[in-house]
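Shown below: model16.cif, with mmCIF, C-alpha atoms and all ligand atoms.
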```
data_query
loop_
_atom_site.label_atom_id
_atom_site.label_comp_id
_atom_site.auth_asym_id
_atom_site.auth_seq_id
_atom_site.Cartn_x
_atom_site.Cartn_y
_atom_site.Cartn_z
CA MET P 1 2.79 -7.88 24.96
CA LEU P 2 3.68 -10.88 22.84
CA ASP P 3 7.03 -10.53 21.12
CA TYR P 4 9.22 -12.95 19.24
CA ASP P 5 12.81 -11.80 18.81
CA PRO P 6 15.12 -14.65 17.77
CA PHE P 7 18.16 -12.43 18.41
CA ASP P 8 17.30 -12.03 22.10
CA TYR P 9 19.57 -14.15 24.31
CA ALA P 10 16.81 -14.48 26.92
CA LEU P 11 14.64 -16.25 24.35
CA HIS P 12 17.42 -18.75 23.67
CA ASP P 13 17.33 -19.88 27.32
CA ASP P 14 13.71 -20.98 26.98
CA PRO P 15 11.74 -20.13 23.87
CA TYR P 16 8.93 -22.60 24.49
CA ALA P 17 6.54 -20.39 26.47
CA THR P 18 6.82 -17.75 23.74
CA TYR P 19 6.32 -20.44 21.12
CA ARG P 20 3.10 -21.60 22.78
CA ARG P 21 1.74 -18.07 22.79
CA LEU P 22 2.67 -17.60 19.15
CA ARG P 23 0.81 -20.77 18.12
CA ASP P 24 -2.24 -19.89 20.20
CA GLU P 25 -2.44 -16.10 19.91
CA ALA P 26 -0.56 -15.05 16.79
CA PRO P 27 -0.02 -17.93 14.34
CA VAL P 28 0.94 -15.33 11.73
CA PHE P 29 3.22 -13.00 13.69
CA HIS P 30 4.88 -9.84 12.40
CA ASN P 31 8.12 -8.67 14.01
CA ARG P 32 8.15 -4.91 13.38
CA LYS P 33 11.69 -4.30 14.59
CA PHE P 34 13.29 -6.56 12.01
CA ASP P 35 10.31 -6.62 9.64
CA PHE P 36 9.85 -10.34 9.25
CA TRP P 37 6.90 -12.70 9.73
CA ALA P 38 6.74 -15.97 11.64
CA LEU P 39 4.60 -19.09 11.18
CA SER P 40 4.39 -21.24 14.27
CA ARG P 41 1.78 -23.97 13.74
CA TYR P 42 2.71 -27.39 12.39
CA ASP P 43 0.23 -27.43 9.47
CA ASP P 44 1.22 -23.92 8.36
CA CYS P 45 4.97 -24.66 8.43
CA LEU P 46 4.46 -27.94 6.56
CA ALA P 47 2.26 -26.24 3.94
CA ALA P 48 4.90 -23.50 3.52
CA VAL P 49 7.85 -25.87 2.98
CA ARG P 50 5.76 -27.75 0.42
CA ASN P 51 4.66 -24.57 -1.36
CA PHE P 52 8.11 -23.52 -2.60
CA GLY P 53 6.61 -21.46 -5.44
CA VAL P 54 5.18 -19.01 -2.89
CA PHE P 55 7.63 -19.56 -0.01
CA SER P 56 10.90 -19.27 -1.89
CA SER P 57 14.39 -20.15 -0.62
CA ALA P 58 16.16 -18.19 -3.37
CA GLN P 59 16.58 -15.06 -1.20
CA GLY P 60 18.25 -17.13 1.48
CA THR P 61 17.02 -19.13 4.46
CA THR P 62 18.33 -16.80 7.16
CA LEU P 63 16.45 -13.72 8.31
CA GLU P 64 19.15 -11.31 7.24
CA PRO P 65 19.44 -10.54 3.51
CA ILE P 66 21.53 -13.02 1.59
CA LYS P 67 25.04 -11.78 0.81
CA ALA P 68 26.38 -14.51 -1.45
CA GLU P 69 25.40 -14.23 -5.08
CA VAL P 70 26.06 -17.90 -5.74
CA PRO P 71 23.09 -20.26 -5.41
CA THR P 72 23.73 -23.00 -2.89
CA LEU P 73 21.50 -26.06 -2.60
CA ILE P 74 19.68 -24.73 0.42
CA ASN P 75 19.19 -21.28 -1.13
CA ALA P 76 17.85 -22.41 -4.49
CA ASP P 77 14.37 -23.06 -5.89
CA PRO P 78 13.58 -25.48 -8.69
CA PRO P 79 14.79 -25.99 -11.34
CA ILE P 80 18.27 -25.07 -9.99
CA HIS P 81 17.60 -26.86 -6.71
CA THR P 82 16.39 -30.02 -8.46
CA LYS P 83 19.52 -30.18 -10.61
CA MET P 84 21.83 -29.59 -7.65
CA ARG P 85 20.17 -31.98 -5.21
CA HIS P 86 19.98 -34.77 -7.77
CA LEU P 87 23.79 -34.74 -8.16
CA ILE P 88 24.63 -36.18 -4.75
CA ALA P 89 21.30 -37.09 -3.11
CA GLY P 90 22.05 -40.76 -3.82
CA MET P 91 25.15 -40.60 -1.62
CA PHE P 92 23.13 -39.79 1.50
CA THR P 93 20.42 -42.47 1.46
CA PRO P 94 20.04 -44.59 4.63
CA ALA P 95 21.56 -47.58 2.77
CA LYS P 96 24.59 -45.56 1.64
CA VAL P 97 25.30 -44.03 5.04
CA ALA P 98 24.78 -47.36 6.83
CA VAL P 99 28.23 -48.47 5.64
CA LEU P 100 29.74 -45.65 7.71
CA GLU P 101 28.50 -47.13 11.00
CA GLU P 102 31.72 -48.94 11.88
CA SER P 103 33.90 -45.91 11.24
CA VAL P 104 31.53 -43.63 13.19
CA ARG P 105 31.69 -46.08 16.11
CA GLU P 106 35.46 -46.38 15.93
CA LEU P 107 35.80 -42.63 15.96
CA ALA P 108 33.33 -42.25 18.82
CA ARG P 109 35.32 -44.77 20.92
CA GLU P 110 38.58 -43.05 20.07
CA LEU P 111 37.17 -39.70 21.22
CA LEU P 112 35.74 -41.17 24.43
CA ALA P 113 38.82 -43.24 25.37
CA PRO P 114 40.72 -40.48 27.23
CA HIS P 115 37.63 -39.74 29.38
CA ARG P 116 36.57 -43.29 30.21
CA ASP P 117 38.24 -43.46 33.63
CA SER P 118 38.00 -39.81 34.57
CA GLY P 119 34.34 -39.68 35.59
CA ARG P 120 33.97 -36.30 33.86
CA ILE P 121 33.40 -35.25 30.29
CA ASP P 122 32.18 -32.17 28.47
CA ILE P 123 29.73 -33.79 26.06
CA ILE P 124 30.18 -30.96 23.55
CA THR P 125 33.84 -29.96 23.54
CA ASP P 126 35.29 -33.39 24.29
CA PHE P 127 33.02 -35.35 22.03
CA ALA P 128 29.93 -34.11 20.18
CA ALA P 129 31.67 -31.15 18.53
CA LYS P 130 34.37 -33.44 17.15
CA LEU P 131 32.46 -36.44 15.86
CA PRO P 132 30.28 -34.92 13.09
CA MET P 133 33.06 -32.66 11.83
CA ALA P 134 35.43 -35.63 11.62
CA ILE P 135 32.84 -37.61 9.63
CA ILE P 136 31.99 -34.80 7.22
CA CYS P 137 35.71 -34.09 6.75
CA ARG P 138 36.21 -37.76 5.86
CA LEU P 139 33.32 -37.65 3.41
CA LEU P 140 34.72 -34.51 1.83
CA GLY P 141 38.27 -35.90 1.87
CA PHE P 142 39.79 -33.19 4.13
CA PRO P 143 42.79 -34.10 6.31
CA LYS P 144 42.31 -34.87 9.99
CA ALA P 145 44.78 -32.15 10.90
CA ASP P 146 42.41 -29.49 9.51
CA GLU P 147 39.31 -30.58 11.44
CA ASP P 148 39.69 -28.22 14.42
CA MET P 149 40.40 -25.24 12.20
CA LEU P 150 37.39 -26.01 9.96
CA ARG P 151 35.14 -26.47 12.98
CA GLY P 152 36.21 -23.09 14.37
CA LEU P 153 35.35 -21.44 11.05
CA THR P 154 31.96 -23.14 10.68
CA ASP P 155 31.09 -22.19 14.29
CA ALA P 156 31.92 -18.56 13.49
CA VAL P 157 29.62 -18.65 10.44
CA VAL P 158 26.54 -19.61 12.46
CA HIS P 159 27.21 -17.39 15.50
CA ARG P 160 25.23 -14.12 15.86
CA ASP P 161 25.88 -11.32 18.36
CA GLU P 162 23.01 -10.43 20.67
CA GLY P 163 20.41 -8.22 19.03
CA VAL P 164 22.37 -7.97 15.79
CA PHE P 165 20.65 -8.86 12.57
CA GLU P 166 23.64 -9.14 10.28
CA MET P 167 26.35 -11.77 10.28
CA PRO P 168 29.22 -10.33 12.37
CA ASP P 169 32.53 -9.54 10.63
CA GLU P 170 34.12 -12.70 12.06
CA GLY P 171 31.38 -14.73 10.39
CA MET P 172 32.06 -13.07 7.03
CA HIS P 173 35.80 -13.60 7.40
CA ALA P 174 35.21 -17.21 8.36
CA SER P 175 33.02 -17.71 5.25
CA TYR P 176 35.75 -16.29 3.00
CA ALA P 177 38.36 -18.45 4.72
CA LEU P 178 36.23 -21.55 4.14
CA TYR P 179 35.67 -20.69 0.47
CA GLY P 180 39.42 -20.13 0.11
CA TYR P 181 40.17 -23.50 1.73
CA PHE P 182 37.71 -25.33 -0.54
CA ALA P 183 39.08 -23.59 -3.65
CA GLU P 184 42.64 -24.65 -2.70
CA ASP P 185 41.49 -28.21 -2.15
CA MET P 186 39.86 -28.28 -5.60
CA LYS P 187 43.06 -26.92 -7.15
CA ARG P 188 45.10 -29.69 -5.53
CA ARG P 189 42.63 -32.31 -6.71
CA ALA P 190 42.71 -30.99 -10.28
CA GLY P 191 46.40 -31.89 -10.51
CA ALA P 192 46.17 -35.28 -8.77
CA ALA P 193 44.75 -38.73 -9.44
CA PRO P 194 40.93 -38.69 -9.56
CA ARG P 195 39.05 -39.80 -6.44
CA ASP P 196 35.60 -41.24 -5.99
CA ASP P 197 33.86 -39.02 -3.45
CA ILE P 198 31.44 -36.11 -3.07
CA ILE P 199 33.80 -33.35 -4.16
CA ALA P 200 34.98 -35.44 -7.14
CA THR P 201 31.33 -35.84 -8.17
CA LEU P 202 30.74 -32.10 -7.88
CA MET P 203 33.92 -31.34 -9.83
CA ALA P 204 32.82 -33.76 -12.56
CA ALA P 205 29.52 -31.86 -12.74
CA GLU P 206 31.52 -28.65 -13.15
CA ALA P 207 33.61 -30.22 -15.92
CA ALA P 208 30.39 -31.31 -17.66
CA GLY P 209 29.05 -27.75 -17.46
CA ASP P 210 26.25 -28.67 -15.02
CA LEU P 211 27.61 -26.56 -12.16
CA THR P 212 29.74 -23.43 -12.11
CA HIS P 213 32.92 -23.32 -10.03
CA GLU P 214 31.17 -21.03 -7.54
CA GLU P 215 28.23 -23.41 -7.28
CA VAL P 216 30.60 -26.26 -6.40
CA LEU P 217 32.20 -24.09 -3.70
CA GLY P 218 28.75 -23.16 -2.37
CA TYR P 219 27.77 -26.82 -2.29
CA ILE P 220 30.83 -27.82 -0.27
CA PHE P 221 30.19 -24.85 2.00
CA ILE P 222 26.65 -25.90 2.82
CA LEU P 223 27.66 -29.53 3.37
CA SER P 224 30.39 -28.55 5.80
CA ILE P 225 28.12 -26.16 7.75
CA ALA P 226 24.90 -28.17 7.82
CA GLY P 227 26.50 -31.45 8.85
CA ASN P 228 28.51 -30.06 11.73
CA GLU P 229 26.82 -27.75 14.18
CA THR P 230 23.38 -29.34 14.10
CA THR P 231 24.42 -32.91 14.90
CA THR P 232 26.70 -31.66 17.68
CA LYS P 233 23.80 -29.79 19.22
CA LEU P 234 21.41 -32.73 18.88
CA ILE P 235 23.71 -34.94 20.96
CA GLY P 236 24.10 -32.24 23.64
CA ASN P 237 20.36 -31.50 23.72
CA MET P 238 19.60 -35.21 24.07
CA ILE P 239 21.95 -35.75 27.01
CA TYR P 240 20.42 -32.68 28.64
CA GLN P 241 16.83 -33.84 28.10
CA LEU P 242 17.59 -37.33 29.43
CA HIS P 243 19.21 -35.74 32.48
CA ARG P 244 16.10 -33.59 33.00
CA HIS P 245 13.77 -36.55 32.46
CA PRO P 246 15.21 -39.45 34.55
CA ASP P 247 12.02 -41.46 34.03
CA GLN P 248 12.59 -41.36 30.27
CA LEU P 249 16.26 -42.26 30.70
CA ALA P 250 15.19 -45.26 32.78
CA ILE P 251 12.80 -46.38 30.02
CA LEU P 252 15.58 -46.05 27.45
CA ARG P 253 17.99 -48.01 29.63
CA ALA P 254 15.42 -50.78 30.06
CA GLU P 255 14.54 -50.84 26.35
CA PRO P 256 17.60 -49.79 24.35
CA ASP P 257 15.76 -50.54 21.08
CA LEU P 258 13.86 -47.31 21.75
CA LEU P 259 16.96 -45.25 20.98
CA PRO P 260 15.94 -44.32 17.39
CA SER P 261 12.52 -43.30 18.72
CA ALA P 262 14.16 -41.26 21.51
CA ILE P 263 16.30 -39.48 18.92
CA GLU P 264 13.21 -38.55 16.89
CA GLU P 265 11.54 -37.35 20.07
CA THR P 266 14.54 -35.19 20.95
CA MET P 267 14.47 -33.74 17.44
CA ARG P 268 10.79 -32.95 17.93
CA PHE P 269 10.96 -31.73 21.52
CA ASP P 270 14.20 -29.74 21.51
CA GLY P 271 15.71 -29.96 18.04
CA PRO P 272 18.77 -27.99 16.97
CA THR P 273 17.20 -26.19 14.00
CA GLN P 274 14.72 -23.74 15.46
CA MET P 275 13.71 -22.13 12.22
CA MET P 276 14.50 -21.57 8.56
CA ALA P 277 13.37 -18.55 6.58
CA ARG P 278 11.64 -18.13 3.24
CA THR P 279 10.65 -15.12 1.11
CA THR P 280 7.10 -14.78 -0.23
CA THR P 281 6.69 -14.43 -3.99
CA ARG P 282 3.12 -13.08 -3.65
CA ASP P 283 0.70 -11.90 -0.95
CA VAL P 284 -0.36 -14.72 1.37
CA ASP P 285 -3.64 -14.59 3.32
CA LEU P 286 -3.54 -16.76 6.43
CA HIS P 287 -5.47 -16.74 9.72
CA GLY P 288 -6.95 -13.32 8.94
CA ARG P 289 -3.63 -11.60 8.15
CA THR P 290 -1.91 -10.78 4.88
CA ILE P 291 1.80 -11.43 4.52
CA PRO P 292 2.87 -9.17 1.66
CA ALA P 293 4.85 -10.34 -1.36
CA GLY P 294 8.60 -10.06 -0.82
CA ALA P 295 8.38 -10.60 2.95
CA LYS P 296 10.79 -12.69 4.99
CA VAL P 297 8.94 -15.48 6.79
CA ALA P 298 10.48 -17.54 9.60
CA LEU P 299 9.17 -21.09 9.69
CA LEU P 300 9.44 -22.03 13.36
CA PHE P 301 10.09 -25.75 13.07
CA THR P 302 10.75 -26.57 16.73
CA CYS P 303 7.76 -24.48 17.73
CA ALA P 304 5.61 -26.35 15.20
CA ASN P 305 6.92 -29.61 16.64
CA ARG P 306 5.25 -28.79 19.96
CA ASP P 307 1.91 -27.93 18.39
CA ASP P 308 -0.81 -29.79 20.27
CA ARG P 309 -2.99 -29.54 17.18
CA LYS P 310 -0.56 -32.08 15.74
CA TYR P 311 0.86 -34.07 18.68
CA ASP P 312 -0.95 -35.42 21.67
CA ARG P 313 0.67 -34.08 24.92
CA ALA P 314 3.02 -32.12 22.71
CA GLU P 315 4.87 -30.46 25.60
CA ILE P 316 5.77 -33.85 27.13
CA TYR P 317 9.09 -35.55 26.34
CA ASP P 318 8.23 -39.19 25.61
CA VAL P 319 10.97 -41.47 24.28
CA ARG P 320 8.37 -43.99 23.11
CA ARG P 321 6.62 -41.52 20.79
CA ASN P 322 8.76 -42.02 17.63
CA PRO P 323 7.45 -38.92 15.81
CA ARG P 324 9.07 -39.51 12.41
CA ASP P 325 6.98 -36.72 10.84
CA HIS P 326 8.44 -33.91 12.99
CA LEU P 327 9.82 -30.85 11.20
CA GLY P 328 13.24 -30.96 12.86
CA PHE P 329 14.78 -31.91 9.53
CA GLY P 330 12.47 -29.55 7.64
CA GLY P 331 10.18 -30.95 4.97
CA GLY P 332 9.29 -30.73 1.30
CA LEU P 333 12.01 -30.53 -1.31
CA HIS P 334 14.60 -28.99 1.07
CA ALA P 335 14.13 -31.70 3.71
CA CYS P 336 17.53 -32.39 5.23
CA LEU P 337 19.82 -34.16 2.82
CA GLY P 338 21.94 -35.47 5.70
CA ALA P 339 19.09 -36.75 7.90
CA ALA P 340 20.11 -40.42 7.60
CA LEU P 341 23.70 -39.53 8.43
CA ALA P 342 22.62 -37.36 11.39
CA ARG P 343 20.41 -40.19 12.69
CA LEU P 344 23.25 -42.68 12.38
CA GLU P 345 25.77 -40.40 14.10
CA ALA P 346 23.35 -39.57 16.91
CA ARG P 347 22.47 -43.22 17.49
CA VAL P 348 26.07 -44.42 17.59
CA ALA P 349 27.11 -41.43 19.73
CA MET P 350 24.34 -42.09 22.24
CA GLU P 351 25.00 -45.84 22.34
CA GLU P 352 28.66 -45.24 23.11
CA LEU P 353 28.01 -42.42 25.59
CA LEU P 354 25.34 -44.26 27.55
CA ALA P 355 27.46 -47.43 27.64
CA MET P 356 30.50 -45.52 28.89
CA MET P 357 28.79 -43.28 31.41
CA GLY P 358 26.46 -45.57 33.30
CA ARG P 359 24.91 -43.19 35.83
CA PHE P 360 25.44 -39.54 34.87
CA ALA P 361 24.45 -36.02 35.88
CA VAL P 362 24.80 -32.78 33.95
CA ASP P 363 26.45 -30.00 35.96
CA GLU P 364 23.70 -27.45 35.30
CA SER P 365 25.65 -24.60 36.88
CA ALA P 366 28.32 -24.94 34.17
CA LEU P 367 26.03 -25.42 31.15
CA GLN P 368 26.61 -22.87 28.40
CA ARG P 369 24.24 -22.19 25.56
CA MET P 370 25.20 -21.05 22.09
CA HIS P 371 23.45 -17.95 20.77
CA SER P 372 22.06 -18.12 17.31
CA PRO P 373 18.63 -17.23 15.95
CA GLN P 374 18.48 -20.55 14.15
CA VAL P 375 20.52 -23.17 15.97
CA ARG P 376 19.57 -24.27 19.47
CA GLY P 377 22.03 -26.09 21.67
CA PHE P 378 24.92 -25.89 24.09
CA THR P 379 28.58 -25.02 23.76
CA HIS P 380 29.32 -26.83 27.04
CA VAL P 381 27.52 -29.76 28.66
CA PRO P 382 29.76 -30.88 31.55
CA VAL P 383 28.75 -34.24 32.93
CA GLU P 384 29.88 -36.31 35.90
CA PHE P 385 29.45 -40.01 35.51
CA GLY P 386 30.21 -43.36 37.07
CA GLY P 387 28.58 -46.37 38.68
CA ALA P 388 25.94 -48.72 37.39
CA ALA P 389 23.03 -47.01 35.63
C1 LIG I 401 18.68 -29.13 5.14
C2 LIG I 401 18.33 -29.84 9.91
C3 LIG I 401 22.21 -32.75 9.80
C4 LIG I 401 22.96 -31.47 5.22
C5 LIG I 401 18.21 -29.14 6.43
C6 LIG I 401 16.98 -28.52 6.86
C7 LIG I 401 16.90 -28.71 8.20
C8 LIG I 401 18.06 -29.45 8.61
C9 LIG I 401 15.81 -28.22 9.12
C10 LIG I 401 15.95 -27.83 5.98
C11 LIG I 401 16.35 -26.45 5.57
C12 LIG I 401 15.24 -25.67 4.92
O1 LIG I 401 14.09 -26.11 4.89
O2 LIG I 401 15.51 -24.55 4.46
C13 LIG I 401 19.36 -30.67 10.28
C14 LIG I 401 19.56 -31.18 11.63
C15 LIG I 401 20.64 -32.01 11.59
C16 LIG I 401 21.13 -32.02 10.23
C17 LIG I 401 18.71 -30.79 12.82
C18 LIG I 401 21.28 -32.80 12.70
C19 LIG I 401 20.65 -33.21 13.74
C20 LIG I 401 22.74 -32.68 8.54
C21 LIG I 401 23.91 -33.41 8.11
C22 LIG I 401 24.14 -33.03 6.84
C23 LIG I 401 23.10 -32.09 6.44
C24 LIG I 401 24.71 -34.41 8.94
C25 LIG I 401 25.29 -33.55 6.05
C26 LIG I 401 25.43 -33.68 4.87
C27 LIG I 401 21.87 -30.71 4.84
C28 LIG I 401 21.74 -30.12 3.52
C29 LIG I 401 20.51 -29.45 3.48
C30 LIG I 401 19.91 -29.64 4.80
C31 LIG I 401 22.75 -30.20 2.39
C32 LIG I 401 19.89 -28.68 2.33
C33 LIG I 401 18.97 -29.58 1.56
C34 LIG I 401 18.26 -28.88 0.43
O3 LIG I 401 18.17 -27.65 0.44
O4 LIG I 401 17.77 -29.58 -0.46
N1 LIG I 401 18.84 -29.72 7.52
N2 LIG I 401 20.33 -31.19 9.48
N3 LIG I 401 22.27 -31.91 7.51
N4 LIG I 401 20.76 -30.40 5.57
FE1 LIG I 401 20.49 -30.91 7.48
#
```
What do you get writing this file as structure tokens?
Amino acid sequence: MLDYDPFDYALHDDPYATYRRLRDEAPVFHNRKFDFWALSRYDDCLAAVRNFGVFSSAQGTTLEPIKAEVPTLINADPPIHTKMRHLIAGMFTPAKVAVLEESVRELARELLAPHRDSGRIDIITDFAAKLPMAIICRLLGFPKADEDMLRGLTDAVVHRDEGVFEMPDEGMHASYALYGYFAEDMKRRAGAAPRDDIIATLMAAEAAGDLTHEEVLGYIFILSIAGNETTTKLIGNMIYQLHRHPDQLAILRAEPDLLPSAIEETMRFDGPTQMMARTTTRDVDLHGRTIPAGAKVALLFTCANRDDRKYDRAEIYDVRRNPRDHLGFGGGLHACLGAALARLEARVAMEELLAMMGRFAVDESALQRMHSPQVRGFTHVPVEFGGAA
């Protein structure tokens, strides 16, 4: 029998056979155990993210019921969403993030330096888990000394125990700890000289009455979560896919200008954000089924990205494909605010890694996967490297 249970660890190992069956046999799937629905085809997911009036984010974008009462950017519909996004969207355009390239590269080299002569590196713990957190901490103005602690807390927020629907207690505690940290930071800023950065902009919006204090905290929360885990996992997934597809790695080595295309292809083929949820505001008739009003609906982005109704040879990893219209960064009005930053970080990270490693092999026996219904990626990607590529 066809089942889709995003809390099942076995699914995390390889969801793609299940995804294919969902697209082909049950494009509108109902999970009875947890009482949610799932859309798996590209056109249906794209239509849903565009139709925010019917597929609302206001009840949260996770499958479990939303606990916070404060609207965050990602959990808001227009007009609240429009107001919130407009405040800092201009700080994340490709042109604005391009100026960060040198500091991203410097940081990447700093992180790689201790491993250069060792011939071994854990792509995640030694490198990819540190880079995005360091960059987002810089953008938010948090001290370097707090990076590891903040990363531990954000990891705990996204982790789910096997078969458990709710956020575990550690996740709740971690959320409170993060909110407490952000509130303290804002207090310190209130008594100091004004700065010109994201949090200063949000605090100015609070002072002008455009955001509440809680909304500012929620905003910082979502920025620190969204920009961390996902980019880490993208880098790990990409190293893994290139290891599994030596022919594609050879193409990339021969034509390094294909790197941005290869990043888009990794996002499409094995992206970190497997799905985001919505809640229906009315009954929806689709493919002969009726999703009732008030239902949770999982939009299976990575599944949709392998839909052969959309992409030719969709199950093939092809670094030349450059599929810029994949749903790995979502779509519609909630399309990833940090996509340009993620693309920049991934490109610089891969340039530096590939240059350092030359020939490399992932130690598959020591790979470890993280378990989350939404985020796909590894907690450990040990690699041995050395010699000309
Ligand atoms: C939204 C994926 C990196 C900030 C989203 C969404 C996806 C996504 C799928 C849409 C959510 C929805 O439709 O409900 C990713 C992936 C990343 C990444 C795969 C890395 C590879 C980043 C970074 C930031 C960021 C670096 C840093 C600022 C956000 C924010 C939203 C968002 C704030 C909410 C936008 C809104 O609701 O208007 N991301 N993201 N993301 N992302 Fe990213």
From P:Phe329, P:Phe92, P:Tyr311, P:Phe182, residue lying nearest Met275 of chain P [only C-alpha atoms]: P:Phe329
Within 9 Å of segment 136-151 of chain P, counting only C-alpha atoms, which residues qualify if same-chain residues fewer than 6 places away don't, as a ChimeraX atom specification? /P:129-130,178,185,197-199,220,223-225,227-229
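Distances here use only C-alpha atoms; by that measure, the residue among P:His30, P:His326, P:Arg282, P:Arg116 closest to Asp5 of chain P is P:His30.
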Within-7 Å shell of (14.0, -18.1, 6.9) in input frame, only C-alpha atoms, as a CSV table (one decimal) with C-alpha atoms, keeping the file's coordinate frame:
```csv
chain,number,residue,atom,x,y,z
P,60,GLY,CA,18.2,-17.1,1.5
P,61,THR,CA,17.0,-19.1,4.5
P,62,THR,CA,18.3,-16.8,7.2
P,63,LEU,CA,16.4,-13.7,8.3
P,275,MET,CA,13.7,-22.1,12.2
P,276,MET,CA,14.5,-21.6,8.6
P,277,ALA,CA,13.4,-18.6,6.6
P,278,ARG,CA,11.6,-18.1,3.2
P,296,LYS,CA,10.8,-12.7,5.0
P,297,VAL,CA,8.9,-15.5,6.8
P,298,ALA,CA,10.5,-17.5,9.6
P,299,LEU,CA,9.2,-21.1,9.7
```
Shell of 10 Å around segment 260-272 of chain P, all atoms listed in the file, local chain residues under 4 positions omitted, as an MDAnalysis selection string: chainID P and resid 16 229:242 248:249 252 256 301:306 314:329 343:344 346:347 350 374:378
Could you check the closest approach to Leu22 of chain P for each of P:Arg41, P:Arg195, P:Arg359, P:His86 and tell me which residue wins, using only C-alpha atoms? P:Arg41
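Residue nearest Thr82 of chain P within the list P:Leu333, P:Phe36, P:Arg188, P:Glu345: P:Leu333 [criterion: smallest interatomic distance, all atoms listed in the file].
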Which residue of P:Ala156, P:Ala76, P:Ala183, P:Ala295 approaches ligand LIG 401 (chain I) most closely, using only C-alpha atoms and all ligand atoms: P:Ala76
As AutoDock Vina command-line options, what would the box around ligand LIG 401 (chain I) look like: edges along x, y and z, 3 Å added on every side, centre and edge lengths in Å to one decimal?
```
--center_x 19.8 --center_y -29.5 --center_z 6.6 --size_x 17.3 --size_y 15.9 --size_z 20.2
```
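Computed from the coordinates, the atom C34 of ligand LIG 401 (chain I) to atom CA of Cys336 of chain P distance equals 6.0 Å.
Taking atom CA of Pro94 of chain P and atom CA of Leu111 of chain P as endpoints, the distance between them is 24.3 Å.
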